[in-house]
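**Q** Contents of entry_4.txt (compact mmCIF, C-alpha atoms (C1' of nucleotides)) are below:
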```txt
# COMPACT_ATOMS: atom_id res chain seq x y z
CA MET T 1 9.08 38.79 -4.10
CA ALA T 2 9.32 35.10 -3.46
CA THR T 3 10.70 35.92 -0.04
CA ALA T 4 7.89 38.32 0.74
CA ALA T 5 5.38 35.71 -0.34
CA ALA T 6 6.99 33.09 1.86
CA ILE T 7 6.80 35.39 4.87
CA ALA T 8 3.17 36.14 4.09
CA VAL T 9 2.38 32.43 4.09
CA ARG T 10 4.48 31.71 7.10
CA SER T 11 3.07 34.47 9.25
CA GLY T 12 -0.32 33.05 8.50
CA SER T 13 0.77 29.50 9.15
CA ARG T 14 -0.09 27.48 12.19
CA ARG T 15 3.01 28.49 14.11
CA GLY T 16 1.34 31.87 14.31
CA LYS T 17 2.64 34.67 16.53
CA ALA T 18 6.08 33.23 17.18
CA VAL T 19 7.02 33.40 13.51
CA SER T 20 10.01 31.17 12.93
CA LEU T 21 11.23 31.46 9.38
CA PRO T 22 13.24 28.57 8.00
CA THR T 23 16.93 29.01 8.69
CA ARG T 24 18.23 25.92 6.95
CA ASN T 25 19.67 26.12 3.41
CA GLY T 26 17.22 25.39 0.64
CA SER T 27 14.52 24.97 3.22
CA ARG T 28 12.51 27.97 2.08
CA GLU T 29 12.57 26.90 -1.55
CA ARG T 30 11.26 23.48 -0.57
CA PHE T 31 8.56 25.09 1.54
CA ASP T 32 7.50 27.41 -1.29
CA ARG T 33 7.37 24.58 -3.80
CA ARG T 34 5.17 22.58 -1.46
CA VAL T 35 2.86 25.58 -0.95
CA GLU T 36 2.41 26.12 -4.68
CA LYS T 37 1.61 22.46 -5.23
CA ILE T 38 -1.04 22.52 -2.53
CA LEU T 39 -2.42 25.79 -3.89
CA ALA T 40 -2.78 24.20 -7.33
CA HIS T 41 -4.66 21.19 -6.00
CA ALA T 42 -6.84 23.36 -3.77
CA THR T 43 -7.71 25.57 -6.74
CA ALA T 44 -8.98 22.55 -8.65
CA VAL T 45 -11.09 21.38 -5.71
CA PHE T 46 -12.54 24.83 -4.98
CA CYS T 47 -13.32 25.17 -8.67
CA GLU T 48 -15.24 21.90 -8.75
CA LYS T 49 -17.08 22.03 -5.41
CA GLY T 50 -17.03 25.69 -4.49
CA TYR T 51 -15.35 27.13 -1.42
CA GLU T 52 -18.07 26.28 1.08
CA GLY T 53 -18.80 22.94 -0.55
CA ALA T 54 -15.19 21.77 -0.40
CA SER T 55 -14.01 20.44 2.96
CA MET T 56 -10.49 20.39 4.34
CA ARG T 57 -10.77 16.61 4.08
CA ASP T 58 -11.41 16.99 0.34
CA LEU T 59 -8.25 19.06 0.08
CA SER T 60 -6.39 16.50 2.17
CA ARG T 61 -7.46 13.76 -0.23
CA ALA T 62 -6.60 15.84 -3.32
CA THR T 63 -3.13 16.77 -2.13
CA GLY T 64 -2.36 13.39 -0.60
CA MET T 65 -1.42 15.16 2.62
CA SER T 66 -2.97 14.62 6.02
CA LEU T 67 -5.50 17.03 7.44
CA ALA T 68 -3.10 18.20 10.13
CA GLY T 69 -0.29 18.39 7.61
CA LEU T 70 -2.15 21.04 5.63
CA TYR T 71 -2.24 23.26 8.69
CA HIS T 72 1.51 23.26 8.72
CA TYR T 73 1.31 25.42 5.59
CA PHE T 74 -1.92 27.36 6.07
CA ALA T 75 -3.45 28.88 9.16
CA SER T 76 -7.02 28.32 8.02
CA LYS T 77 -9.25 27.41 5.13
CA GLU T 78 -10.10 31.08 4.70
CA ARG T 79 -6.44 32.02 4.43
CA LEU T 80 -5.99 29.29 1.83
CA LEU T 81 -8.63 30.89 -0.39
CA TYR T 82 -7.02 34.26 0.21
CA LEU T 83 -3.63 32.95 -0.91
CA ILE T 84 -5.10 31.40 -4.05
CA GLN T 85 -6.78 34.64 -5.03
CA LYS T 86 -3.77 36.77 -4.17
CA HIS T 87 -1.35 34.45 -5.96
CA THR T 88 -3.52 34.45 -9.08
CA PHE T 89 -3.91 38.22 -9.19
CA SER T 90 -0.27 38.87 -8.45
CA THR T 91 0.76 36.64 -11.32
CA ILE T 92 -1.55 38.39 -13.78
CA LEU T 93 -0.34 41.81 -12.66
CA GLU T 94 3.31 40.82 -12.87
CA LYS T 95 2.95 39.40 -16.37
CA LEU T 96 1.07 42.53 -17.40
CA ARG T 97 3.82 44.81 -16.13
CA GLN T 98 6.38 42.81 -18.09
CA ARG T 99 4.37 43.21 -21.27
CA LEU T 100 3.85 46.93 -20.71
CA GLU T 101 7.59 47.49 -20.50
CA ASP T 102 7.94 46.49 -24.14
CA THR T 103 6.16 49.48 -25.66
CA ASN T 104 5.05 53.05 -25.06
CA ASP T 105 2.55 53.20 -27.90
CA ALA T 106 -0.93 53.67 -26.47
CA GLU T 107 -2.67 51.30 -28.82
CA GLN T 108 -0.02 48.61 -28.41
CA ARG T 109 -0.34 48.90 -24.64
CA VAL T 110 -4.09 48.37 -24.74
CA ARG T 111 -3.53 45.38 -27.01
CA ALA T 112 -0.96 44.04 -24.56
CA PHE T 113 -3.49 44.29 -21.75
CA ILE T 114 -6.15 42.42 -23.69
CA GLU T 115 -3.74 39.75 -24.82
CA ASN T 116 -2.45 39.29 -21.29
CA HIS T 117 -5.95 39.12 -19.86
CA LEU T 118 -7.25 36.59 -22.35
CA GLU T 119 -4.11 34.48 -22.37
CA TYR T 120 -4.04 34.08 -18.62
CA PHE T 121 -7.78 33.58 -18.46
CA LEU T 122 -7.65 30.75 -20.96
CA ALA T 123 -4.56 29.15 -19.46
CA ASN T 124 -5.94 29.19 -15.91
CA ARG T 125 -9.67 28.66 -16.21
CA GLN T 126 -9.92 26.97 -12.82
CA ALA T 127 -8.22 29.75 -10.92
CA MET T 128 -10.29 32.38 -12.72
CA LYS T 129 -13.48 30.54 -11.88
CA VAL T 130 -12.55 30.47 -8.21
CA LEU T 131 -11.69 34.15 -8.46
CA SER T 132 -15.09 35.14 -9.80
CA HIS T 133 -17.26 32.53 -8.13
CA GLU T 134 -15.93 33.05 -4.61
CA ASP T 135 -15.78 36.79 -5.08
CA GLU T 136 -17.59 37.88 -1.93
CA VAL T 137 -16.66 35.06 0.43
CA LEU T 138 -13.65 36.75 2.04
CA LYS T 139 -14.60 39.32 4.66
CA ASN T 140 -12.65 41.88 6.67
CA SER T 141 -9.05 42.72 5.90
CA LEU T 142 -8.36 39.65 3.79
CA GLY T 143 -11.23 40.49 1.46
CA ASN T 144 -10.34 44.16 1.40
CA GLU T 145 -6.82 43.37 0.27
CA ILE T 146 -8.06 41.25 -2.63
CA ARG T 147 -10.57 43.90 -3.60
CA ALA T 148 -7.80 46.50 -3.54
CA ILE T 149 -5.71 44.45 -5.97
CA LYS T 150 -8.71 44.00 -8.22
CA ARG T 151 -9.35 47.72 -8.17
CA GLU T 152 -5.74 48.41 -9.09
CA TYR T 153 -6.03 46.03 -12.04
CA TYR T 154 -9.16 47.86 -13.15
CA ARG T 155 -7.49 51.25 -12.78
CA ILE T 156 -4.49 50.19 -14.85
CA CYS T 157 -6.82 49.15 -17.64
CA LEU T 158 -8.76 52.39 -17.31
CA GLY T 159 -5.54 54.38 -17.56
CA LEU T 160 -4.46 52.55 -20.71
CA VAL T 161 -7.79 53.23 -22.39
CA GLU T 162 -7.69 56.90 -21.46
CA ASP T 163 -4.16 57.20 -22.84
CA LEU T 164 -5.46 55.71 -26.06
CA LYS T 165 -8.33 58.22 -26.16
CA ARG T 166 -5.90 61.11 -25.74
CA ALA T 167 -3.50 59.75 -28.35
CA LYS T 168 -6.20 59.16 -30.94
CA SER T 169 -8.29 62.19 -30.02
CA VAL T 170 -11.49 60.19 -29.86
CA GLU T 171 -14.34 60.52 -27.41
CA PHE T 172 -16.12 57.70 -25.61
CA SER T 173 -16.87 56.55 -22.13
CA SER T 174 -13.74 54.96 -20.74
CA ARG T 175 -15.63 53.21 -17.96
CA ILE T 176 -18.04 51.51 -20.32
CA ALA T 177 -15.25 50.52 -22.69
CA VAL T 178 -13.28 48.94 -19.86
CA LEU T 179 -16.27 47.18 -18.35
CA SER T 180 -17.20 45.75 -21.72
CA LEU T 181 -13.70 44.31 -21.88
CA PHE T 182 -14.30 42.30 -18.71
CA GLY T 183 -17.85 41.20 -19.40
CA MET V 1 -50.69 24.25 -13.19
CA ALA V 2 -50.93 25.42 -9.62
CA THR V 3 -52.30 21.99 -8.79
CA ALA V 4 -49.44 20.22 -10.52
CA ALA V 5 -46.96 22.37 -8.63
CA ALA V 6 -48.61 21.57 -5.33
CA ILE V 7 -48.41 17.85 -6.03
CA ALA V 8 -44.76 18.20 -6.94
CA VAL V 9 -44.03 19.92 -3.65
CA ARG V 10 -46.14 17.54 -1.64
CA SER V 11 -44.67 14.41 -3.12
CA GLY V 12 -41.32 15.70 -2.09
CA SER V 13 -42.49 16.79 1.33
CA ARG V 14 -41.73 15.01 4.55
CA ARG V 15 -44.80 12.78 4.38
CA GLY V 16 -42.96 11.12 1.54
CA LYS V 17 -44.14 7.90 -0.04
CA ALA V 18 -47.66 7.92 1.44
CA VAL V 19 -48.58 11.09 -0.41
CA SER V 20 -51.59 12.63 1.28
CA LEU V 21 -52.75 15.66 -0.61
CA PRO V 22 -54.79 18.25 1.27
CA THR V 23 -58.45 17.38 1.04
CA ARG V 24 -59.90 20.26 2.99
CA ASN V 25 -61.27 23.33 1.18
CA GLY V 26 -58.82 26.16 0.81
CA SER V 27 -56.18 24.01 2.39
CA ARG V 28 -54.15 23.65 -0.77
CA GLU V 29 -54.23 27.38 -1.47
CA ARG V 30 -52.98 28.09 2.02
CA PHE V 31 -50.26 25.49 1.60
CA ASP V 32 -49.18 26.94 -1.74
CA ARG V 33 -49.08 30.48 -0.40
CA ARG V 34 -46.90 29.36 2.49
CA VAL V 35 -44.57 27.53 0.09
CA GLU V 36 -44.14 30.56 -2.11
CA LYS V 37 -43.38 32.77 0.87
CA ILE V 38 -40.72 30.38 2.12
CA LEU V 39 -39.31 30.07 -1.40
CA ALA V 40 -38.96 33.84 -1.61
CA HIS V 41 -37.11 34.09 1.69
CA ALA V 42 -34.92 31.11 0.84
CA THR V 43 -34.02 32.70 -2.49
CA ALA V 44 -32.77 35.81 -0.72
CA VAL V 45 -30.68 33.78 1.71
CA PHE V 46 -29.21 31.52 -0.98
CA CYS V 47 -28.41 34.62 -3.00
CA GLU V 48 -26.52 36.23 -0.13
CA LYS V 49 -24.70 33.23 1.33
CA GLY V 50 -24.72 30.69 -1.48
CA TYR V 51 -26.40 27.31 -1.31
CA GLU V 52 -23.67 25.51 0.65
CA GLY V 53 -22.98 28.53 2.82
CA ALA V 54 -26.60 28.92 3.91
CA SER V 55 -27.79 26.61 6.64
CA MET V 56 -31.30 25.39 7.31
CA ARG V 57 -31.07 27.40 10.52
CA ASP V 58 -30.44 30.52 8.44
CA LEU V 59 -33.58 29.77 6.46
CA SER V 60 -35.46 29.12 9.67
CA ARG V 61 -34.42 32.52 10.97
CA ALA V 62 -35.25 34.28 7.70
CA THR V 63 -38.72 32.78 7.39
CA GLY V 64 -39.52 33.02 11.09
CA MET V 65 -40.44 29.34 11.03
CA SER V 66 -38.92 26.62 13.14
CA LEU V 67 -36.35 24.24 11.70
CA ALA V 68 -38.73 21.29 11.93
CA GLY V 69 -41.55 23.39 10.53
CA LEU V 70 -39.68 23.91 7.28
CA TYR V 71 -39.56 20.16 6.75
CA HIS V 72 -43.31 20.09 6.68
CA TYR V 73 -43.06 21.85 3.32
CA PHE V 74 -39.79 20.53 1.89
CA ALA V 75 -38.26 17.08 2.02
CA SER V 76 -34.69 18.39 2.02
CA LYS V 77 -32.47 21.38 1.47
CA GLU V 78 -31.58 20.04 -1.96
CA ARG V 79 -35.23 19.82 -2.94
CA LEU V 80 -35.71 23.38 -1.76
CA LEU V 81 -33.05 24.60 -4.19
CA TYR V 82 -34.63 22.49 -6.90
CA LEU V 83 -38.03 24.07 -6.29
CA ILE V 84 -36.57 27.58 -6.38
CA GLN V 85 -34.89 26.92 -9.70
CA LYS V 86 -37.88 25.15 -11.19
CA HIS V 87 -40.32 27.80 -9.97
CA THR V 88 -38.17 30.57 -11.44
CA PHE V 89 -37.76 28.90 -14.82
CA SER V 90 -41.41 27.91 -15.03
CA THR V 91 -42.46 31.49 -14.40
CA ILE V 92 -40.15 32.85 -17.10
CA LEU V 93 -41.35 30.25 -19.58
CA GLU V 94 -45.01 30.87 -18.80
CA LYS V 95 -44.66 34.64 -19.19
CA LEU V 96 -42.78 34.08 -22.45
CA ARG V 97 -45.53 31.87 -23.85
CA GLN V 98 -48.10 34.54 -23.00
CA ARG V 99 -46.10 37.17 -24.86
CA LEU V 100 -45.58 34.93 -27.87
CA GLU V 101 -49.33 34.44 -28.26
CA ASP V 102 -49.71 38.13 -29.09
CA THR V 103 -47.94 38.05 -32.43
CA ASN V 104 -46.82 35.83 -35.30
CA ASP V 105 -44.34 38.28 -36.78
CA ALA V 106 -40.83 36.82 -36.55
CA GLU V 107 -39.13 40.04 -35.56
CA GLN V 108 -41.78 40.92 -32.99
CA ARG V 109 -41.43 37.45 -31.46
CA VAL V 110 -37.68 37.81 -31.06
CA ARG V 111 -38.26 41.22 -29.51
CA ALA V 112 -40.81 39.68 -27.16
CA PHE V 113 -38.26 37.10 -26.06
CA ILE V 114 -35.60 39.70 -25.33
CA GLU V 115 -38.03 41.95 -23.48
CA ASN V 116 -39.29 39.04 -21.42
CA HIS V 117 -35.78 37.88 -20.61
CA LEU V 118 -34.50 41.28 -19.54
CA GLU V 119 -37.64 42.27 -17.68
CA TYR V 120 -37.68 39.13 -15.56
CA PHE V 121 -33.95 39.27 -15.05
CA LEU V 122 -34.10 42.82 -13.73
CA ALA V 123 -37.19 42.22 -11.61
CA ASN V 124 -35.78 39.07 -9.98
CA ARG V 125 -32.06 39.60 -9.66
CA GLN V 126 -31.80 37.42 -6.57
CA ALA V 127 -33.48 34.42 -8.14
CA MET V 128 -31.40 34.77 -11.29
CA LYS V 129 -28.21 34.93 -9.26
CA VAL V 130 -29.15 31.72 -7.47
CA LEU V 131 -29.99 30.21 -10.85
CA SER V 132 -26.59 30.95 -12.33
CA HIS V 133 -24.42 30.71 -9.23
CA GLU V 134 -25.77 27.34 -8.04
CA ASP V 135 -25.90 26.02 -11.56
CA GLU V 136 -24.08 22.73 -11.05
CA VAL V 137 -25.01 21.97 -7.44
CA LEU V 138 -28.00 19.74 -8.19
CA LYS V 139 -27.03 16.23 -9.23
CA ASN V 140 -28.95 13.22 -10.56
CA SER V 141 -32.55 13.47 -11.66
CA LEU V 142 -33.27 16.78 -9.94
CA GLY V 143 -30.40 18.48 -11.77
CA ASN V 144 -31.26 16.78 -15.04
CA GLU V 145 -34.79 18.12 -14.88
CA ILE V 146 -33.58 21.68 -14.36
CA ARG V 147 -31.05 21.32 -17.17
CA ALA V 148 -33.81 20.02 -19.43
CA ILE V 149 -35.94 23.10 -18.75
CA LYS V 150 -32.95 25.33 -19.41
CA ARG V 151 -32.29 23.54 -22.69
CA GLU V 152 -35.90 24.00 -23.72
CA TYR V 153 -35.65 27.72 -23.02
CA TYR V 154 -32.52 27.86 -25.15
CA ARG V 155 -34.19 25.92 -27.96
CA ILE V 156 -37.20 28.22 -28.00
CA CYS V 157 -34.87 31.19 -28.40
CA LEU V 158 -32.94 29.40 -31.11
CA GLY V 159 -36.18 28.65 -32.98
CA LEU V 160 -37.26 32.28 -32.83
CA VAL V 161 -33.95 33.47 -34.24
CA GLU V 162 -34.04 30.92 -37.05
CA ASP V 163 -37.59 31.98 -37.95
CA LEU V 164 -36.31 35.53 -38.16
CA LYS V 165 -33.45 34.43 -40.42
CA ARG V 166 -35.88 32.70 -42.75
CA ALA V 167 -38.31 35.62 -42.80
CA LYS V 168 -35.64 38.21 -43.50
CA SER V 169 -33.54 35.96 -45.73
CA VAL V 170 -30.34 36.81 -43.89
CA GLU V 171 -27.48 34.50 -43.04
CA PHE V 172 -25.65 34.25 -39.74
CA SER V 173 -24.86 31.71 -37.08
CA SER V 174 -27.97 31.21 -34.99
CA ARG V 175 -26.06 29.61 -32.15
CA ILE V 176 -23.68 32.52 -31.78
CA ALA V 177 -26.49 35.05 -32.01
CA VAL V 178 -28.44 33.29 -29.26
CA LEU V 179 -25.43 32.82 -27.01
CA SER V 180 -24.53 36.47 -27.36
CA LEU V 181 -28.02 37.26 -26.15
CA PHE V 182 -27.41 35.43 -22.87
CA GLY V 183 -23.89 36.60 -22.21
C1' DT Y 1 -68.65 18.85 20.63
C1' DA Y 2 -65.92 14.86 19.24
C1' DG Y 3 -62.52 13.59 16.10
C1' DA Y 4 -59.55 13.66 12.06
C1' DG Y 5 -56.09 15.89 9.93
C1' DT Y 6 -52.97 20.02 9.27
C1' DA Y 7 -49.43 23.14 11.04
C1' DT Y 8 -45.93 23.99 13.95
C1' DA Y 9 -42.21 23.60 17.49
C1' DG Y 10 -38.47 21.76 21.05
C1' DA Y 11 -35.18 18.69 21.53
C1' DA Y 12 -32.37 15.51 20.03
C1' DC Y 13 -29.77 12.48 16.43
C1' DG Y 14 -25.51 10.95 13.98
C1' DA Y 15 -22.44 12.78 10.70
C1' DA Y 16 -19.38 16.02 9.04
C1' DC Y 17 -17.10 20.21 9.72
C1' DG Y 18 -12.70 23.28 10.76
C1' DT Y 19 -9.24 23.08 13.88
C1' DT Y 20 -5.80 21.54 17.47
C1' DC Y 21 -2.97 18.49 20.27
C1' DG Y 22 0.71 15.48 21.14
C1' DG Y 23 3.69 12.84 19.10
C1' DT Y 24 7.15 10.40 15.70
C1' DC Y 25 10.52 10.50 12.16
C1' DG Y 26 14.36 12.16 9.44
C1' DT Y 27 18.07 15.21 8.85
C1' DA Y 28 21.47 18.95 9.12
C1' DT Y 29 24.27 21.34 12.66
C1' DG Y 30 26.96 21.82 17.09
C1' DC G 1 27.02 11.40 18.87
C1' DA G 2 23.57 14.45 20.66
C1' DT G 3 20.07 17.50 19.90
C1' DA G 4 17.22 20.77 17.90
C1' DC G 5 14.11 21.67 14.42
C1' DG G 6 11.16 21.10 10.35
C1' DA G 7 7.77 18.02 8.25
C1' DC G 8 4.18 15.39 8.90
C1' DC G 9 0.38 12.39 10.94
C1' DG G 10 -3.51 9.90 13.91
C1' DA G 11 -6.75 10.97 16.89
C1' DA G 12 -9.45 13.79 19.07
C1' DC G 13 -11.87 18.41 20.17
C1' DG G 14 -16.02 21.28 20.26
C1' DT G 15 -19.33 23.05 16.98
C1' DT G 16 -22.56 23.10 13.48
C1' DC G 17 -24.77 20.68 9.97
C1' DG G 18 -29.16 18.42 7.79
C1' DT G 19 -32.61 15.77 9.42
C1' DT G 20 -36.08 13.31 12.41
C1' DC G 21 -38.94 12.18 16.52
C1' DT G 22 -42.52 13.32 19.45
C1' DA G 23 -45.79 16.24 21.13
C1' DT G 24 -48.97 20.04 21.09
C1' DA G 25 -52.01 23.77 19.19
C1' DC G 26 -55.27 24.86 15.61
C1' DT G 27 -59.21 24.24 12.44
C1' DC G 28 -62.32 22.43 9.76
C1' DT G 29 -66.14 18.64 9.26
C1' DA G 30 -69.60 15.42 10.84
```
Could you show the structure in this file as structure tokens?
**A**
Amino acid sequence: MATAAAIAVRSGSRRGKAVSLPTRNGSRERFDRRVEKILAHATAVFCEKGYEGASMRDLSRATGMSLAGLYHYFASKERLLYLIQKHTFSTILEKLRQRLEDTNDAEQRVRAFIENHLEYFLANRQAMKVLSHEDEVLKNSLGNEIRAIKREYYRICLGLVEDLKRAKSVEFSSRIAVLSLFG
Amino acid sequence: MATAAAIAVRSGSRRGKAVSLPTRNGSRERFDRRVEKILAHATAVFCEKGYEGASMRDLSRATGMSLAGLYHYFASKERLLYLIQKHTFSTILEKLRQRLEDTNDAEQRVRAFIENHLEYFLANRQAMKVLSHEDEVLKNSLGNEIRAIKREYYRICLGLVEDLKRAKSVEFSSRIAVLSLFG
DNA sequence: TAGAGTATAGAACGAACGTTCGGTCGTATG
DNA sequence: CATACGACCGAACGTTCGTTCTATACTCTA
């Protein structure tokens, strides 16, 4: 997965069409570490100033890297936001899947979802704020991909609740129950 | 009140320090009508693109007025956002006060608040989105004034709930009850 | 009808924006 | 040692931003 992520970043990096993945030993790890550090700083800046309100020069200042240096890692400001959102969602989903492996009991699985959701939300307030505040900024394919992930997250939750309904033989609107979870 | 509002707009208009209020008959009404129309269009644009994302040229296009023409009515883009937020809050507060005059019963007054809140919220989704989404954009005195109005609104609600508590002799956390009203 | 004052617009301003170009430096590989 | 490549930067590019200047039409009042 780390490899796939690196390729995703790379192919969107400034070097563009002629994708040249790192061939040197340990080079990719270094690259990935650098990316995550920039992503973290960028998240904080986007959270404070908003996506449109934050300039690439703000990000340059926050990361301590030159303006041009940033473009070595990201093809554009838009793609940077995309990577933040995708990285955040992917992490939540991965942690959720890990938790869901622990049990097959319907109620426990719903509890696992809620715990996972709240825990991550509280531990990463900044990222979550960027996620919700800059919801509709991304257009075209980039935005569609994020929206697809979000929909998958919603559908997983919906499925868990419906399993619980079946197991407990109770009746209520799954949609409303799920939506009231998100708020 | 309409007069006070006009002065507020004027004093922040391009003519600046040497405030020259309209002296001609019907001139102020015309001015105010124009302001409200621009405010309405600007609200829609800010709602769709966000404050930072919307340019003065976007507003010019949306209102059908030239870029320079807008500055006859507003001193700056920032002041325009301020006026939208203030106008929205003032309207809610005024309608609330009208409703509260109808009854002295504690429960009825809380009901009146909720009705007023929901009704305005549903009737002016765009304005409310701008209100919440561009919450922290305004700095300094402009932002402080808006935050003061918001605090007053909150305190009114808090007072109503506490009156209800006293009247019904029930115990619960007023703060939590009020906050759960806003969501 | 002359004149004051309001309403509006075209064109331009400097600043800031996202992005790119050309280059230097360090380092691992042949 | 040579050289090829990844990491990074200063300076600039063209564009768009918020704002202002100047001028012209309109509309009441005297």
**Q** Grab the atom CA of Gln85 of chain V to atom CA of Val130 of chain V distance for me, in Å with one decimal place.
**A**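 Calculated distance between atom CA of Gln85 of chain V and atom CA of Val130 of chain V is 7.8 Å.
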**Q** Hey, which bits of chain Y sit within 12 Å of chain T, and for each residue what's the closest pair of atoms and how far apart in Å (one decimal), counting all atoms listed in the file, rows by chain and increasing number, as CSV?
**A**
```
residue,atom,partner,partner_atom,distance
Y:DA16,C1',T:Ser55,CA,9.2
Y:DC17,C1',T:Ser55,CA,7.4
Y:DG18,C1',T:Met56,CA,7.4
Y:DT19,C1',T:Ser76,CA,8.2
Y:DT20,C1',T:Ala68,CA,8.5
Y:DC21,C1',T:Ala68,CA,10.1
Y:DG22,C1',T:Ala68,CA,12.0
Y:DT27,C1',T:Arg24,CA,10.9
Y:DA28,C1',T:Arg24,CA,8.0
Y:DT29,C1',T:Arg24,CA,9.5
```
**Q** Neighbourhood query: residues within 7 Å of (-43.4, 22.5, 19.2), file coordinates, counting only C-alpha atoms (C1' of nucleotides); return as a PyMOL selection string.
**A** (chain Y and resi 8-10) or (chain G and resi 23-24)
**Q** So which one's closest to chain T, V:Arg155, V:His133, V:Arg125, V:Arg97? Using only C-alpha atoms, please.
**A**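 The shortest atom-to-atom distance to chain T comes from V:His133.
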**Q** Residues within 9 Å of segment 8-11 of chain G, please, as a PyMOL selection string. Count only C-alpha atoms (C1' of nucleotides); anything in the same chain fewer than 3 positions from it doesn't count.
**A** (chain T and resi 65-69+72) or (chain Y and resi 23-25)
**Q** Please return, as number ranges by chain, all residues of chain V lying within 12 Å of chain T when only C-alpha atoms are considered.
**A** V: 47-55, 129-130, 132-138, 180, 182-183
**Q** Per residue of chain G within 10 Å of chain V, which atom pair is closest and at what distance in Å (one decimal), using all atoms listed in the file, listed by chain and increasing number, as a Markdown table?
**A**
```
| residue | atom | partner | partner_atom | distance |
| --- | --- | --- | --- | --- |
| G:DT16 | C1' | V:Ser55 | CA | 9.3 |
| G:DC17 | C1' | V:Ser55 | CA | 7.4 |
| G:DG18 | C1' | V:Met56 | CA | 7.3 |
| G:DT19 | C1' | V:Ser76 | CA | 8.1 |
| G:DT20 | C1' | V:Ala68 | CA | 8.4 |
| G:DC28 | C1' | V:Arg24 | CA | 7.5 |
| G:DT29 | C1' | V:Arg24 | CA | 9.0 |
```
**Q** For atom CA of Ser141 of chain T and atom CA of Tyr154 of chain T, determine how far apart the two atoms are, in Å to one decimal place.
**A**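 Between these atoms lies a distance of 19.7 Å.
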**Q** To one decimal in Å, tell me the separation between atom CA of His41 of chain V and atom C1' of DA11 of chain Y.
**A**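 So the two atoms, atom CA of His41 of chain V and atom C1' of DA11 of chain Y, lie 25.2 Å apart.
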**Q** Could you name the residues that touch segment 172-174 of chain T at 9 Å or less, counting only C-alpha atoms (C1' of nucleotides), but leaving out those on the same chain fewer than 5 positions away, as a ChimeraX atom specification?
**A** /T:158-159,161-162,165,179
**Q** Limited to C-alpha atoms, could you put the picked residues into a file as a CSV table (one decimal), in the coordinates of the input?
**A**
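This went into selection17.csv:
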```csv
chain,number,residue,atom,x,y,z
T,158,LEU,CA,-8.8,52.4,-17.3
T,159,GLY,CA,-5.5,54.4,-17.6
T,161,VAL,CA,-7.8,53.2,-22.4
T,162,GLU,CA,-7.7,56.9,-21.5
T,165,LYS,CA,-8.3,58.2,-26.2
T,179,LEU,CA,-16.3,47.2,-18.4
```
**Q** Could you name the residues that touch DG26 of chain Y at 12 Å or less, counting all atoms listed in the file, but leaving out those on the same chain fewer than 5 positions away, as a list in words?
**A**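 Residues near the query, excluding close chain neighbours: DC5, DG6, DA7 and DC8 of chain G.
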